[in-house]
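> Contents of run.cif (mmCIF, C-alpha atoms):
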```cif
data_protein
#
loop_
_atom_site.label_atom_id
_atom_site.label_comp_id
_atom_site.auth_asym_id
_atom_site.auth_seq_id
_atom_site.Cartn_x
_atom_site.Cartn_y
_atom_site.Cartn_z
CA MET A 144 36.78 -24.63 -0.27
CA VAL A 145 37.95 -21.03 0.14
CA ASN A 146 34.38 -19.82 -0.37
CA LEU A 147 33.13 -22.18 2.34
CA LEU A 148 35.74 -21.02 4.84
CA ILE A 149 35.00 -17.35 4.16
CA ILE A 150 31.25 -17.88 4.50
CA LEU A 151 31.73 -19.96 7.65
CA GLY A 152 33.92 -17.29 9.24
CA ILE A 153 31.53 -14.44 8.45
CA SER A 154 28.55 -16.54 9.56
CA ILE A 155 30.04 -17.24 12.98
CA LEU A 156 30.78 -13.53 13.38
CA MET A 157 27.28 -12.51 12.28
CA PHE A 158 25.69 -15.12 14.52
CA PHE A 159 27.40 -13.63 17.56
CA ILE A 160 26.41 -10.11 16.50
CA ASP A 161 22.78 -11.12 15.94
CA PHE A 162 22.64 -13.33 19.05
CA ARG A 163 21.76 -10.41 21.32
CA GLU A 164 18.57 -9.86 19.34
CA LEU A 165 17.92 -13.55 18.85
CA LYS A 166 17.90 -14.65 22.47
CA LYS A 167 14.73 -12.62 23.10
CA SER A 168 12.63 -15.13 21.24
CA ARG A 169 13.15 -18.86 20.80
CA LYS A 170 11.20 -18.98 17.53
CA GLU A 171 13.39 -16.38 15.87
CA LEU A 172 16.51 -18.27 16.94
CA ILE A 173 15.18 -21.46 15.32
CA VAL A 174 14.19 -19.76 12.03
CA TYR A 175 17.48 -17.84 11.88
CA SER A 176 19.58 -20.93 12.52
CA GLY A 177 17.55 -22.89 10.00
CA PHE A 178 18.13 -20.36 7.23
CA LEU A 179 21.80 -19.96 8.12
CA ALA A 180 22.36 -23.74 8.22
CA PHE A 181 20.63 -24.04 4.85
CA GLY A 182 22.86 -21.38 3.32
CA ILE A 183 26.05 -22.86 4.74
CA ALA A 184 24.97 -26.35 3.66
CA LEU A 185 24.65 -25.06 0.09
CA PHE A 186 28.21 -23.75 0.12
CA ALA A 187 29.47 -26.91 1.85
CA ALA A 188 27.85 -29.11 -0.80
CA ASP A 189 29.44 -26.94 -3.44
CA ALA A 190 32.87 -27.26 -1.82
CA LEU A 191 32.52 -31.04 -1.60
CA GLY A 192 31.52 -31.23 -5.24
CA LEU A 193 27.95 -32.47 -4.64
CA GLU A 194 25.28 -31.76 -7.23
CA ILE A 195 22.51 -29.47 -5.95
CA PRO A 196 19.34 -29.58 -8.07
CA ASN A 197 18.48 -26.21 -9.55
CA PRO A 198 15.12 -25.07 -8.16
CA LEU A 199 14.28 -23.52 -11.52
CA ASN A 200 14.10 -27.03 -13.00
CA ALA A 201 10.88 -27.55 -11.04
CA VAL A 202 9.56 -24.25 -12.41
CA ILE A 203 10.52 -25.32 -15.94
CA PHE A 204 8.81 -28.70 -15.51
CA LEU A 205 5.59 -27.06 -14.31
CA PHE A 206 5.34 -24.05 -16.59
CA LYS A 207 7.06 -24.90 -19.89
CA PRO A 208 4.08 -26.70 -21.52
CA MET A 209 1.77 -23.80 -20.66
CA THR A 210 4.11 -21.18 -22.16
CA GLN A 211 4.59 -23.26 -25.29
CA TRP A 212 0.81 -23.46 -25.68
CA ILE A 213 0.45 -19.67 -25.30
CA ASN A 214 3.26 -19.04 -27.77
CA SER A 215 1.75 -21.44 -30.31
CA LEU A 216 -1.41 -19.30 -30.38
CA PHE A 217 0.59 -16.40 -31.83
CA LYS A 218 2.62 -18.28 -34.44
CA MET B 41 7.14 -3.34 15.34
CA ASP B 42 9.23 -1.10 13.17
CA ARG B 43 6.87 -1.37 10.19
CA ASN B 44 4.77 1.50 11.46
CA ILE B 45 7.77 3.78 11.89
CA GLU B 46 9.18 3.46 8.37
CA LYS B 47 7.61 6.04 6.10
CA ILE B 48 8.43 7.06 2.54
CA SER B 49 6.91 9.88 0.55
CA PRO B 50 4.94 9.34 -2.69
CA GLN B 51 7.77 10.98 -4.67
CA GLN B 52 10.26 8.45 -3.31
CA PHE B 53 7.82 5.64 -4.08
CA ARG B 54 7.48 6.91 -7.65
CA LEU B 55 11.25 6.83 -8.11
CA LEU B 56 11.43 3.34 -6.62
CA VAL B 57 8.75 2.13 -9.07
CA LEU B 58 10.69 3.78 -11.91
CA PHE B 59 13.98 2.16 -10.90
CA PHE B 60 12.25 -1.16 -10.35
CA SER B 61 10.65 -1.18 -13.78
CA ILE B 62 13.86 -0.15 -15.53
CA GLY B 63 16.04 -2.43 -13.37
CA SER B 64 17.30 -5.44 -15.20
CA SER B 65 14.67 -4.96 -17.91
CA ILE B 66 16.78 -2.40 -19.76
CA LEU B 67 19.15 -5.28 -20.53
CA LEU B 68 16.54 -8.03 -21.00
CA VAL B 69 13.54 -6.41 -22.69
CA PRO B 70 15.10 -5.00 -25.92
CA PRO B 71 16.55 -8.37 -27.06
CA GLY B 72 13.23 -10.06 -26.22
CA LEU B 73 11.23 -7.51 -28.17
CA ILE B 74 13.61 -7.54 -31.14
CA GLN B 75 13.78 -11.31 -31.39
CA ALA B 76 10.02 -11.74 -31.23
CA SER B 77 8.87 -9.02 -33.59
CA GLN B 78 11.96 -7.94 -35.55
CA HIS B 79 11.62 -4.42 -36.97
CA ASP B 80 8.40 -3.81 -35.08
CA GLY B 81 9.89 -4.32 -31.61
CA TRP B 82 8.95 -0.78 -30.61
CA ILE B 83 5.30 -1.27 -31.64
CA SER B 84 5.01 -4.42 -29.54
CA GLY B 85 6.71 -2.50 -26.74
CA LEU B 86 3.98 0.15 -26.86
CA ILE B 87 1.26 -2.52 -26.88
CA GLY B 88 2.99 -4.22 -23.92
CA VAL B 89 3.06 -0.94 -21.98
CA ALA B 90 -0.68 -0.51 -22.64
CA PHE B 91 -1.35 -4.01 -21.23
CA GLY B 92 1.04 -3.26 -18.38
CA ALA B 93 -0.97 -0.14 -17.52
CA GLY B 94 -4.01 -2.40 -17.12
CA VAL B 95 -2.05 -4.72 -14.83
CA MET B 96 -0.89 -1.71 -12.78
CA LEU B 97 -4.51 -0.50 -12.42
CA MET B 98 -5.37 -3.92 -10.97
CA TYR B 99 -2.54 -3.69 -8.42
CA ILE B 100 -3.56 -0.13 -7.54
CA SER B 101 -7.14 -1.18 -6.85
CA MET B 102 -5.79 -3.92 -4.55
CA ILE B 103 -3.70 -1.33 -2.69
CA LYS B 104 -6.70 1.01 -2.46
CA ALA B 105 -8.87 -1.74 -0.99
CA TYR B 106 -6.45 -2.28 1.93
CA PRO B 107 -4.10 0.75 2.08
CA ASP B 108 -2.49 -0.30 5.36
CA GLU B 109 -1.84 -3.94 4.58
CA SER B 110 1.06 -5.53 2.73
CA LEU B 111 0.53 -8.07 -0.05
CA PHE B 112 0.71 -11.06 2.27
CA SER B 113 -1.82 -9.76 4.76
CA ILE B 114 -4.14 -8.96 1.84
CA PHE B 115 -3.89 -12.64 0.88
CA GLU B 116 -4.76 -13.66 4.42
CA LYS B 117 -7.75 -11.30 4.41
CA ALA B 118 -8.94 -12.58 1.03
CA TYR B 119 -8.37 -16.34 1.34
CA GLY B 120 -8.50 -16.93 5.08
CA LYS B 121 -5.72 -17.98 7.41
CA VAL B 122 -4.55 -21.35 6.04
CA LEU B 123 -4.92 -20.80 2.30
CA GLY B 124 -3.56 -17.27 2.63
CA LYS B 125 -0.43 -18.58 4.34
CA ALA B 126 0.03 -21.17 1.59
CA VAL B 127 -0.28 -18.54 -1.16
CA SER B 128 2.14 -16.25 0.71
CA PHE B 129 4.59 -19.13 1.02
CA PHE B 130 4.72 -19.64 -2.76
CA TYR B 131 4.95 -15.89 -3.28
CA SER B 132 7.95 -15.60 -0.98
CA PHE B 133 9.65 -18.27 -3.10
CA PHE B 134 8.86 -16.29 -6.24
CA ILE B 135 10.30 -13.11 -4.74
CA PHE B 136 13.36 -14.93 -3.38
CA PHE B 137 14.15 -16.46 -6.78
CA LEU B 138 13.50 -13.14 -8.47
CA THR B 139 16.14 -11.54 -6.21
CA CYS B 140 18.62 -14.23 -7.26
CA GLU B 141 17.68 -13.86 -10.93
CA VAL B 142 18.19 -10.08 -10.91
CA VAL B 143 21.58 -10.36 -9.18
CA SER B 144 22.48 -13.04 -11.69
CA ASN B 145 21.54 -10.76 -14.63
CA MET B 146 23.92 -8.15 -13.27
CA GLY B 147 26.69 -10.74 -12.79
CA ASP B 148 26.20 -12.14 -16.29
CA PHE B 149 26.50 -8.66 -17.75
CA MET B 150 29.63 -7.81 -15.75
CA THR B 151 31.41 -11.12 -16.39
CA THR B 152 30.70 -11.23 -20.10
CA GLN B 153 31.22 -7.56 -20.98
CA ILE B 154 33.29 -5.62 -18.45
CA MET B 155 35.23 -7.76 -15.97
CA ILE B 156 35.76 -10.96 -17.88
CA GLU B 157 38.18 -12.76 -15.58
CA THR B 158 36.63 -12.04 -12.20
CA PRO B 159 34.65 -14.95 -10.69
CA LYS B 160 30.93 -14.25 -10.70
CA MET B 161 30.56 -14.91 -6.99
CA TYR B 162 32.88 -12.08 -5.97
CA ILE B 163 31.11 -9.58 -8.22
CA HIS B 164 27.84 -10.66 -6.64
CA LEU B 165 29.36 -10.36 -3.17
CA LEU B 166 30.54 -6.81 -3.85
CA PHE B 167 27.12 -5.92 -5.21
CA LEU B 168 25.22 -7.54 -2.34
CA VAL B 169 27.16 -5.97 0.54
CA PRO B 170 25.85 -2.39 0.00
CA ILE B 171 22.37 -3.81 -0.66
CA LEU B 172 22.41 -5.74 2.63
CA TYR B 173 23.60 -2.60 4.36
CA GLY B 174 20.88 -0.49 2.74
CA VAL B 175 18.14 -2.97 3.58
CA SER B 176 19.38 -3.24 7.17
CA LYS B 177 19.02 0.55 7.47
CA GLY B 178 15.42 0.33 6.33
CA LEU B 179 13.09 1.49 3.65
CA GLU B 180 13.48 5.20 4.41
CA VAL B 181 17.16 5.04 3.59
CA ILE B 182 16.47 3.22 0.31
CA GLY B 183 13.86 5.82 -0.59
CA ARG B 184 16.13 8.74 0.21
CA SER B 185 19.08 7.24 -1.66
CA ALA B 186 16.74 6.82 -4.65
CA GLN B 187 16.11 10.55 -4.47
CA VAL B 188 19.85 11.24 -4.26
CA MET B 189 20.75 8.96 -7.16
CA PHE B 190 17.95 10.08 -9.45
CA PRO B 191 19.67 13.21 -10.90
CA THR B 192 22.77 11.16 -11.80
CA PHE B 193 20.57 8.55 -13.38
CA LEU B 194 18.61 11.14 -15.34
CA ILE B 195 21.73 12.96 -16.59
CA LEU B 196 23.37 9.73 -17.75
CA LEU B 197 20.19 8.54 -19.45
CA THR B 198 19.70 11.88 -21.22
CA PHE B 199 23.37 11.79 -22.27
CA LEU B 200 22.89 8.28 -23.66
CA ILE B 201 19.75 9.18 -25.58
CA LEU B 202 20.88 12.60 -26.79
CA PHE B 203 24.16 11.48 -28.35
CA LEU B 204 22.65 8.41 -29.97
CA ILE B 205 19.81 10.07 -31.85
CA PRO B 206 22.20 11.54 -34.54
CA GLU B 207 23.55 8.03 -35.22
CA GLY B 208 20.13 6.62 -36.10
CA GLN B 209 18.54 6.11 -39.48
CA LEU B 210 14.80 5.79 -39.72
CA ARG B 211 14.98 3.45 -42.70
CA ASN B 212 16.24 0.74 -40.31
CA ILE B 213 12.73 0.25 -38.94
CA GLU B 214 11.14 -0.24 -42.34
CA PRO B 215 9.03 -2.21 -43.23
CA VAL B 216 6.57 -1.30 -40.50
CA LEU B 217 4.28 -4.27 -39.71
CA GLY B 218 5.90 -6.28 -42.50
CA GLU B 219 5.21 -9.59 -40.75
CA GLY B 220 1.59 -8.94 -39.82
CA ILE B 221 0.12 -8.27 -36.40
CA LYS B 222 0.56 -11.69 -34.70
CA PRO B 223 4.33 -11.60 -34.03
CA VAL B 224 3.90 -8.03 -32.77
CA LEU B 225 1.33 -9.18 -30.21
CA ASN B 226 3.56 -12.12 -29.22
CA GLY B 227 6.51 -9.76 -28.72
CA SER B 228 4.49 -7.56 -26.38
CA PHE B 229 4.54 -10.41 -23.82
CA SER B 230 8.25 -9.88 -23.21
CA ILE B 231 7.80 -6.33 -21.85
CA LEU B 232 4.62 -7.38 -20.04
CA THR B 233 6.34 -10.20 -18.13
CA VAL B 234 9.63 -8.67 -17.15
CA PRO B 235 8.83 -5.36 -15.56
CA TYR B 236 5.02 -5.26 -15.29
CA LEU B 237 4.04 -8.66 -13.91
CA GLU B 238 6.77 -8.29 -11.27
CA LEU B 239 5.48 -4.93 -10.02
CA PHE B 240 3.27 -6.65 -7.43
CA ILE B 241 6.42 -6.79 -5.28
CA LEU B 242 6.01 -3.05 -4.73
CA MET B 243 2.77 -3.82 -2.92
CA MET B 244 5.02 -5.06 -0.12
CA ILE B 245 6.30 -1.51 0.40
CA ALA B 246 3.08 0.34 -0.50
CA PRO B 247 1.74 0.38 3.12
CA HIS B 248 4.75 2.47 4.18
CA ILE B 249 3.76 5.52 2.13
CA ASN B 250 2.73 8.45 4.27
CA GLU B 251 0.13 10.00 1.94
CA LYS B 252 -2.31 7.28 1.03
CA LYS B 253 -4.14 9.29 -1.63
CA GLU B 254 -1.06 9.67 -3.82
CA VAL B 255 -0.13 5.96 -3.90
CA GLY B 256 -2.01 5.02 -7.04
CA LYS B 257 -0.83 8.06 -8.96
CA SER B 258 2.85 7.55 -8.09
CA PHE B 259 2.66 3.84 -8.88
CA PHE B 260 1.05 4.47 -12.27
CA ILE B 261 3.33 7.34 -13.32
CA GLY B 262 6.51 5.51 -12.23
CA GLY B 263 5.58 2.33 -14.06
CA LEU B 264 4.45 4.13 -17.19
CA VAL B 265 7.59 6.30 -17.46
CA GLY B 266 9.80 3.26 -16.84
CA GLY B 267 8.04 1.30 -19.56
CA LEU B 268 8.27 4.17 -22.04
CA ILE B 269 12.02 4.50 -21.39
CA LEU B 270 12.39 0.78 -22.16
CA VAL B 271 10.41 1.16 -25.40
CA PHE B 272 12.48 4.17 -26.37
CA MET B 273 15.72 2.24 -25.79
CA THR B 274 14.40 -0.53 -28.05
CA PHE B 275 13.54 2.07 -30.68
CA LEU B 276 17.06 3.53 -30.45
CA ILE B 277 18.62 0.08 -30.78
CA LEU B 278 16.54 -0.56 -33.89
CA ILE B 279 17.33 2.73 -35.59
CA VAL B 280 21.04 2.79 -34.65
CA LEU B 281 22.09 -0.86 -34.87
CA GLY B 282 19.38 -2.29 -37.10
CA TYR B 283 17.48 -5.52 -36.62
CA SER B 284 19.90 -8.07 -38.12
CA PHE B 285 22.93 -6.90 -36.10
CA SER B 286 21.21 -6.31 -32.76
CA SER B 287 19.40 -9.66 -32.81
CA LEU B 288 22.78 -11.41 -32.58
CA MET B 289 23.81 -9.56 -29.41
CA GLN B 290 23.27 -10.73 -25.87
CA PHE B 291 23.19 -7.18 -24.48
CA PRO B 292 22.29 -4.85 -27.37
CA THR B 293 21.85 -1.91 -24.96
CA TYR B 294 25.55 -2.04 -24.10
CA VAL B 295 26.56 -2.39 -27.74
CA LEU B 296 24.35 0.63 -28.43
CA ALA B 297 26.24 2.67 -25.83
CA LYS B 298 29.51 1.80 -27.61
CA LYS B 299 28.22 3.75 -30.62
CA ILE B 300 28.41 7.08 -28.77
CA ASN B 301 30.79 9.32 -30.70
CA ILE B 302 31.08 13.01 -29.91
CA GLY B 303 32.97 14.84 -32.66
CA ASP B 304 35.32 11.86 -33.26
CA PHE B 305 36.94 12.83 -29.98
CA LEU B 306 34.95 11.37 -27.08
CA GLN B 307 34.44 7.65 -27.76
CA ARG B 308 34.01 4.36 -25.87
CA VAL B 309 32.14 5.87 -22.93
CA GLU B 310 29.87 2.83 -22.64
CA VAL B 311 30.91 2.05 -19.06
CA VAL B 312 29.59 5.44 -18.01
CA ALA B 313 26.32 4.58 -19.70
CA ALA B 314 26.36 1.19 -17.98
CA ALA B 315 26.01 3.11 -14.70
CA VAL B 316 22.37 3.72 -15.76
CA TRP B 317 21.46 0.09 -15.29
CA ILE B 318 23.87 -0.54 -12.42
CA ILE B 319 22.00 2.16 -10.45
CA SER B 320 18.56 0.85 -11.37
CA LEU B 321 19.63 -2.75 -10.72
CA PHE B 322 20.83 -1.74 -7.27
CA PHE B 323 17.38 -0.43 -6.36
CA LYS B 324 15.60 -3.37 -7.95
CA VAL B 325 17.66 -5.86 -5.94
CA ALA B 326 17.25 -3.78 -2.77
CA ILE B 327 13.45 -3.75 -3.15
CA CYS B 328 13.30 -7.46 -3.99
CA PHE B 329 15.52 -8.25 -1.02
CA TYR B 330 13.45 -6.09 1.30
CA ALA B 331 10.28 -7.75 0.01
CA SER B 332 11.69 -11.25 0.41
CA ILE B 333 12.79 -10.76 4.01
CA THR B 334 9.49 -9.02 4.86
CA GLY B 335 7.61 -11.85 3.20
CA LEU B 336 9.57 -14.61 4.89
CA SER B 337 9.24 -13.00 8.31
CA GLU B 338 5.47 -12.63 7.79
CA VAL B 339 5.17 -16.27 6.71
CA PHE B 340 7.09 -17.44 9.79
CA GLY B 341 5.33 -14.91 12.02
CA MET B 342 8.45 -13.10 13.22
CA GLN B 343 8.45 -9.72 14.94
CA ASN B 344 11.92 -8.54 14.00
CA LYS B 345 12.28 -8.97 10.25
CA LYS B 346 15.74 -7.48 9.92
CA ILE B 347 17.22 -10.39 11.80
CA LEU B 348 16.67 -12.59 8.72
CA LEU B 349 18.86 -10.33 6.61
CA TYR B 350 22.13 -12.19 6.85
CA PRO B 351 20.91 -15.82 6.61
CA VAL B 352 18.75 -15.03 3.57
CA GLY B 353 21.67 -13.10 2.07
CA VAL B 354 23.87 -16.21 2.18
CA SER B 355 21.28 -18.21 0.24
CA VAL B 356 20.80 -15.36 -2.23
CA LEU B 357 24.56 -15.27 -2.81
CA TYR B 358 24.64 -19.00 -3.51
CA PHE B 359 21.58 -19.17 -5.75
CA SER B 360 22.48 -16.00 -7.65
CA VAL B 361 25.57 -17.78 -8.97
CA TYR B 362 24.00 -21.17 -9.72
CA ILE B 363 20.40 -20.32 -10.66
CA TYR B 364 21.34 -19.77 -14.31
CA PRO B 365 24.12 -22.29 -14.95
CA ASN B 366 24.76 -20.94 -18.47
CA THR B 367 23.48 -18.53 -21.08
CA ALA B 368 21.66 -21.22 -23.05
CA PHE B 369 19.65 -22.15 -19.95
CA PHE B 370 18.93 -18.48 -19.32
CA SER B 371 17.64 -17.74 -22.81
CA MET B 372 15.57 -20.94 -22.79
CA PHE B 373 14.07 -19.89 -19.45
CA VAL B 374 13.28 -16.37 -20.65
CA THR B 375 11.76 -17.36 -23.99
CA GLU B 376 9.98 -20.62 -23.12
CA VAL B 377 9.13 -20.66 -19.41
CA ILE B 378 8.89 -17.28 -17.72
CA LEU B 379 5.66 -16.12 -19.42
CA SER B 380 3.18 -18.50 -17.79
CA TYR B 381 5.17 -18.49 -14.53
CA SER B 382 4.78 -14.74 -14.08
CA LEU B 383 1.27 -14.73 -15.57
CA LEU B 384 0.21 -17.05 -12.73
CA PHE B 385 1.85 -15.01 -9.98
CA GLY B 386 1.42 -11.54 -11.45
CA LEU B 387 -2.01 -11.73 -13.08
CA VAL B 388 -4.13 -14.81 -12.23
CA ILE B 389 -3.70 -14.91 -8.45
CA PRO B 390 -3.96 -11.09 -7.95
CA LEU B 391 -7.08 -11.05 -10.15
CA CYS B 392 -8.68 -13.82 -8.03
CA THR B 393 -7.67 -11.92 -4.89
CA LEU B 394 -9.21 -8.73 -6.21
CA MET B 395 -12.48 -10.54 -6.95
CA MET B 396 -12.47 -12.08 -3.47
CA ILE B 397 -11.90 -8.64 -1.94
CA ILE B 398 -14.79 -7.13 -3.92
CA LEU B 399 -17.09 -10.02 -2.97
CA LYS B 400 -16.15 -9.79 0.71
CA LYS B 401 -16.66 -6.04 0.79
CA LYS B 402 -20.09 -6.35 -0.87
CA LYS B 403 -21.50 -9.17 1.26
CA PRO B 404 -21.66 -7.49 4.68
CA ALA B 405 -23.30 -4.44 3.14
CA ARG B 406 -26.08 -6.48 1.59
CA LYS B 407 -26.72 -9.23 4.13
CA GLY B 408 -25.40 -7.80 7.35
CA ALA B 409 -22.94 -9.87 9.38
CA GLU B 410 -23.16 -12.99 7.22
CA GLY B 411 -20.24 -14.21 5.10
CA ASN B 412 -17.39 -12.59 6.97
CA ALA B 413 -15.85 -15.83 8.20
CA SER B 414 -12.19 -15.01 8.32
#
```
As structure tokens, please, write out the structure in this file.

Amino acid sequence: MVNLLIILGISILMFFIDFRELKKSRKELIVYSGFLAFGIALFAADALGLEIPNPLNAVIFLFKPMTQWINSLFK
Amino acid sequence: MDRNIEKISPQQFRLLVLFFSIGSSILLVPPGLIQASQHDGWISGLIGVAFGAGVMLMYISMIKAYPDESLFSIFEKAYGKVLGKAVSFFYSFFIFFLTCEVVSNMGDFMTTQIMIETPKMYIHLLFLVPILYGVSKGLEVIGRSAQVMFPTFLILLTFLILFLIPEGQLRNIEPVLGEGIKPVLNGSFSILTVPYLELFILMMIAPHINEKKEVGKSFFIGGLVGGLILVFMTFLILIVLGYSFSSLMQFPTYVLAKKINIGDFLQRVEVVAAAVWIISLFFKVAICFYASITGLSEVFGMQNKKILLYPVGVSVLYFSVYIYPNTAFFSMFVTEVILSYSLLFGLVIPLCTLMMIILKKKKPARKGAEGNAS
């Protein structure tokens, strides 16, 4: 919970600092807010005790058989 | 906008390549080499560096084909608009996760060896704040700070090597090639994957170099020297600690530094030696971070890339703590997964791109205007 509050506080501050640059272009504002919301959502889910799937599990699922095959060539 | 203003010299680029290839690899490569090929870890290291030199030559020829374009615009030139964007999208994920992985390596080292009771997230936060600041000031500042830090790095590394050589015994590496050649070849993959197949990230900063002729030379020399330092560290670990002891350690390089003993008076200076990889890790994370925000802003078509710094930093902070939930997961990932993952991104796709570039450059010369669709 403490982590979430710290991140939320800094994010609001940074958003106001970056807002001067952001208001020049609508697209940048959308991308920026999207990334920031994603980051804060991660910390919020962590604070609420929700399980976030590890993105590396997808990498493991896709690439593990291939690596095992390469390694078996050198055994 | 500001990409044309930022310029670094070939010397600075060479140091950045050197720091990048030493980076986290000085902690990760020796255990990988030693576990795979036992006493012959240094031989497989040398073979891996030779393969890595080939990989670097491939990257250099890509840079030479389009000296003013970054990696992602090379993809768009080679594959066309839509497919190029898709490839760039996956690459920005690779670079983003690599940033998190490198920060996580640093945090794992600090929380298991030096600051045992500090939460990992706060160590990462302290490490990321100067990196965010450095990246926000631009590539020139990173390049110049590499030049400033290099003497310190060199002195500490020389100190580490010089005082460890007397502790070594050459009989620790016998028998040479006792297990045959196959495990030695298998071990060479670990040095090939960790620094060399990640070096394509430096193609994101290659267009900023002011003397285009020197790019290939600096890239090659930096990568080669970095790789040889890694092999030499592995050799030192083998002759000082021996195979059976060092294969049990998570960070044999740090255990090696504990062996420094100057006249039974100056001992336990390993934290000073740890500065070697803290410095190189700093530059590796800074380059990865720079590359990931450049990549993301090119994928989303943004003019001002530095605006993405803070939002991406928050995600990096989160994922750097949770991407490797525990050491067992990490060692499984490094030994069983990472090889084909980085072979795809670091070798197969760049090789296809290089062939596409060569085909596209040949076609207009032979048949005139035909075949230049994109």
> So which residues get picked by the PyMOL selection byres ((chain B and resi 96) around 9) here, written as an mmCIF file with C-alpha atoms, in the frame of the given file?

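In the end it all went to out24.cif:
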```cif
data_model
loop_
_atom_site.group_PDB
_atom_site.id
_atom_site.type_symbol
_atom_site.label_atom_id
_atom_site.label_comp_id
_atom_site.auth_asym_id
_atom_site.auth_seq_id
_atom_site.Cartn_x
_atom_site.Cartn_y
_atom_site.Cartn_z
ATOM 1 C CA PHE B 91 -1.350 -4.010 -21.230
ATOM 2 C CA GLY B 92 1.040 -3.260 -18.380
ATOM 3 C CA ALA B 93 -0.970 -0.140 -17.520
ATOM 4 C CA GLY B 94 -4.010 -2.400 -17.120
ATOM 5 C CA VAL B 95 -2.050 -4.720 -14.830
ATOM 6 C CA LEU B 97 -4.510 -0.500 -12.420
ATOM 7 C CA MET B 98 -5.370 -3.920 -10.970
ATOM 8 C CA TYR B 99 -2.540 -3.690 -8.420
ATOM 9 C CA ILE B 100 -3.560 -0.130 -7.540
ATOM 10 C CA SER B 101 -7.140 -1.180 -6.850
ATOM 11 C CA TYR B 236 5.020 -5.260 -15.290
ATOM 12 C CA LEU B 237 4.040 -8.660 -13.910
ATOM 13 C CA LEU B 239 5.480 -4.930 -10.020
ATOM 14 C CA PHE B 240 3.270 -6.650 -7.430
ATOM 15 C CA GLY B 256 -2.010 5.020 -7.040
ATOM 16 C CA PHE B 259 2.660 3.840 -8.880
ATOM 17 C CA PHE B 260 1.050 4.470 -12.270
ATOM 18 C CA GLY B 263 5.580 2.330 -14.060
#
```
> Using only C-alpha atoms, I'd like a table of the residues in chain A that come within 10 Å of chain B; for each, show the closest atom pair and its distance in Å rounded to one decimal, ordered by chain and ascending number, as a Markdown table.

```
| residue | atom | partner | partner_atom | distance |
| --- | --- | --- | --- | --- |
| A:Asn146 | CA | B:Met161 | CA | 9.1 |
| A:Ile150 | CA | B:Val354 | CA | 7.9 |
| A:Ile153 | CA | B:Tyr350 | CA | 9.8 |
| A:Ser154 | CA | B:Tyr350 | CA | 8.2 |
| A:Met157 | CA | B:Tyr350 | CA | 7.5 |
| A:Phe158 | CA | B:Tyr350 | CA | 8.9 |
| A:Asp161 | CA | B:Ile347 | CA | 7.0 |
| A:Phe162 | CA | B:Ile347 | CA | 9.5 |
| A:Glu164 | CA | B:Ile347 | CA | 7.7 |
| A:Leu165 | CA | B:Ile347 | CA | 7.8 |
| A:Ser168 | CA | B:Met342 | CA | 9.3 |
| A:Lys170 | CA | B:Met342 | CA | 7.8 |
| A:Glu171 | CA | B:Met342 | CA | 6.5 |
| A:Leu172 | CA | B:Ile347 | CA | 9.4 |
| A:Val174 | CA | B:Phe340 | CA | 7.8 |
| A:Tyr175 | CA | B:Leu348 | CA | 6.2 |
| A:Ser176 | CA | B:Pro351 | CA | 7.9 |
| A:Gly177 | CA | B:Pro351 | CA | 8.5 |
| A:Phe178 | CA | B:Pro351 | CA | 5.4 |
| A:Leu179 | CA | B:Pro351 | CA | 4.5 |
| A:Ala180 | CA | B:Pro351 | CA | 8.2 |
| A:Phe181 | CA | B:Ser355 | CA | 7.5 |
| A:Gly182 | CA | B:Ser355 | CA | 4.7 |
| A:Ile183 | CA | B:Val354 | CA | 7.5 |
| A:Ala184 | CA | B:Ser355 | CA | 9.6 |
| A:Leu185 | CA | B:Tyr358 | CA | 7.0 |
| A:Phe186 | CA | B:Tyr358 | CA | 7.0 |
| A:Asp189 | CA | B:Tyr358 | CA | 9.3 |
| A:Ile195 | CA | B:Tyr362 | CA | 9.2 |
| A:Pro196 | CA | B:Ile363 | CA | 9.7 |
| A:Asn197 | CA | B:Ile363 | CA | 6.3 |
| A:Pro198 | CA | B:Ile363 | CA | 7.5 |
| A:Leu199 | CA | B:Ile363 | CA | 7.0 |
| A:Asn200 | CA | B:Ile363 | CA | 9.5 |
| A:Val202 | CA | B:Tyr381 | CA | 7.5 |
| A:Ile203 | CA | B:Val377 | CA | 6.0 |
| A:Phe204 | CA | B:Val377 | CA | 8.9 |
| A:Leu205 | CA | B:Tyr381 | CA | 8.6 |
| A:Phe206 | CA | B:Val377 | CA | 5.8 |
| A:Lys207 | CA | B:Val377 | CA | 4.7 |
| A:Pro208 | CA | B:Val377 | CA | 8.2 |
| A:Met209 | CA | B:Ser380 | CA | 6.2 |
| A:Thr210 | CA | B:Ser380 | CA | 5.2 |
| A:Gln211 | CA | B:Glu376 | CA | 6.4 |
| A:Trp212 | CA | B:Ser380 | CA | 9.6 |
| A:Ile213 | CA | B:Ser380 | CA | 8.1 |
| A:Asn214 | CA | B:Asn226 | CA | 7.1 |
| A:Ser215 | CA | B:Asn226 | CA | 9.6 |
| A:Leu216 | CA | B:Asn226 | CA | 8.8 |
| A:Phe217 | CA | B:Lys222 | CA | 5.5 |
| A:Lys218 | CA | B:Pro223 | CA | 6.9 |
```
> At what distance in Å, to one decimal, does CA of Asp304 in chain B lie from CA of Phe203 in chain B?
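If I compute the distance from CA of Phe203 in chain B to CA of Asp304 in chain B, I get 12.2 Å.
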> Can you measure CA of Arg211 in chain B to CA of Val311 in chain B for me? One decimal in Å is fine.
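Going from CA of Arg211 in chain B over to CA of Val311 in chain B covers 28.5 Å.
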> Would you compute the distance between CA of Gly178 in chain B and CA of Tyr330 in chain B? Give it in Å to one decimal.
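Separation between CA of Gly178 in chain B and CA of Tyr330 in chain B: 8.4 Å.
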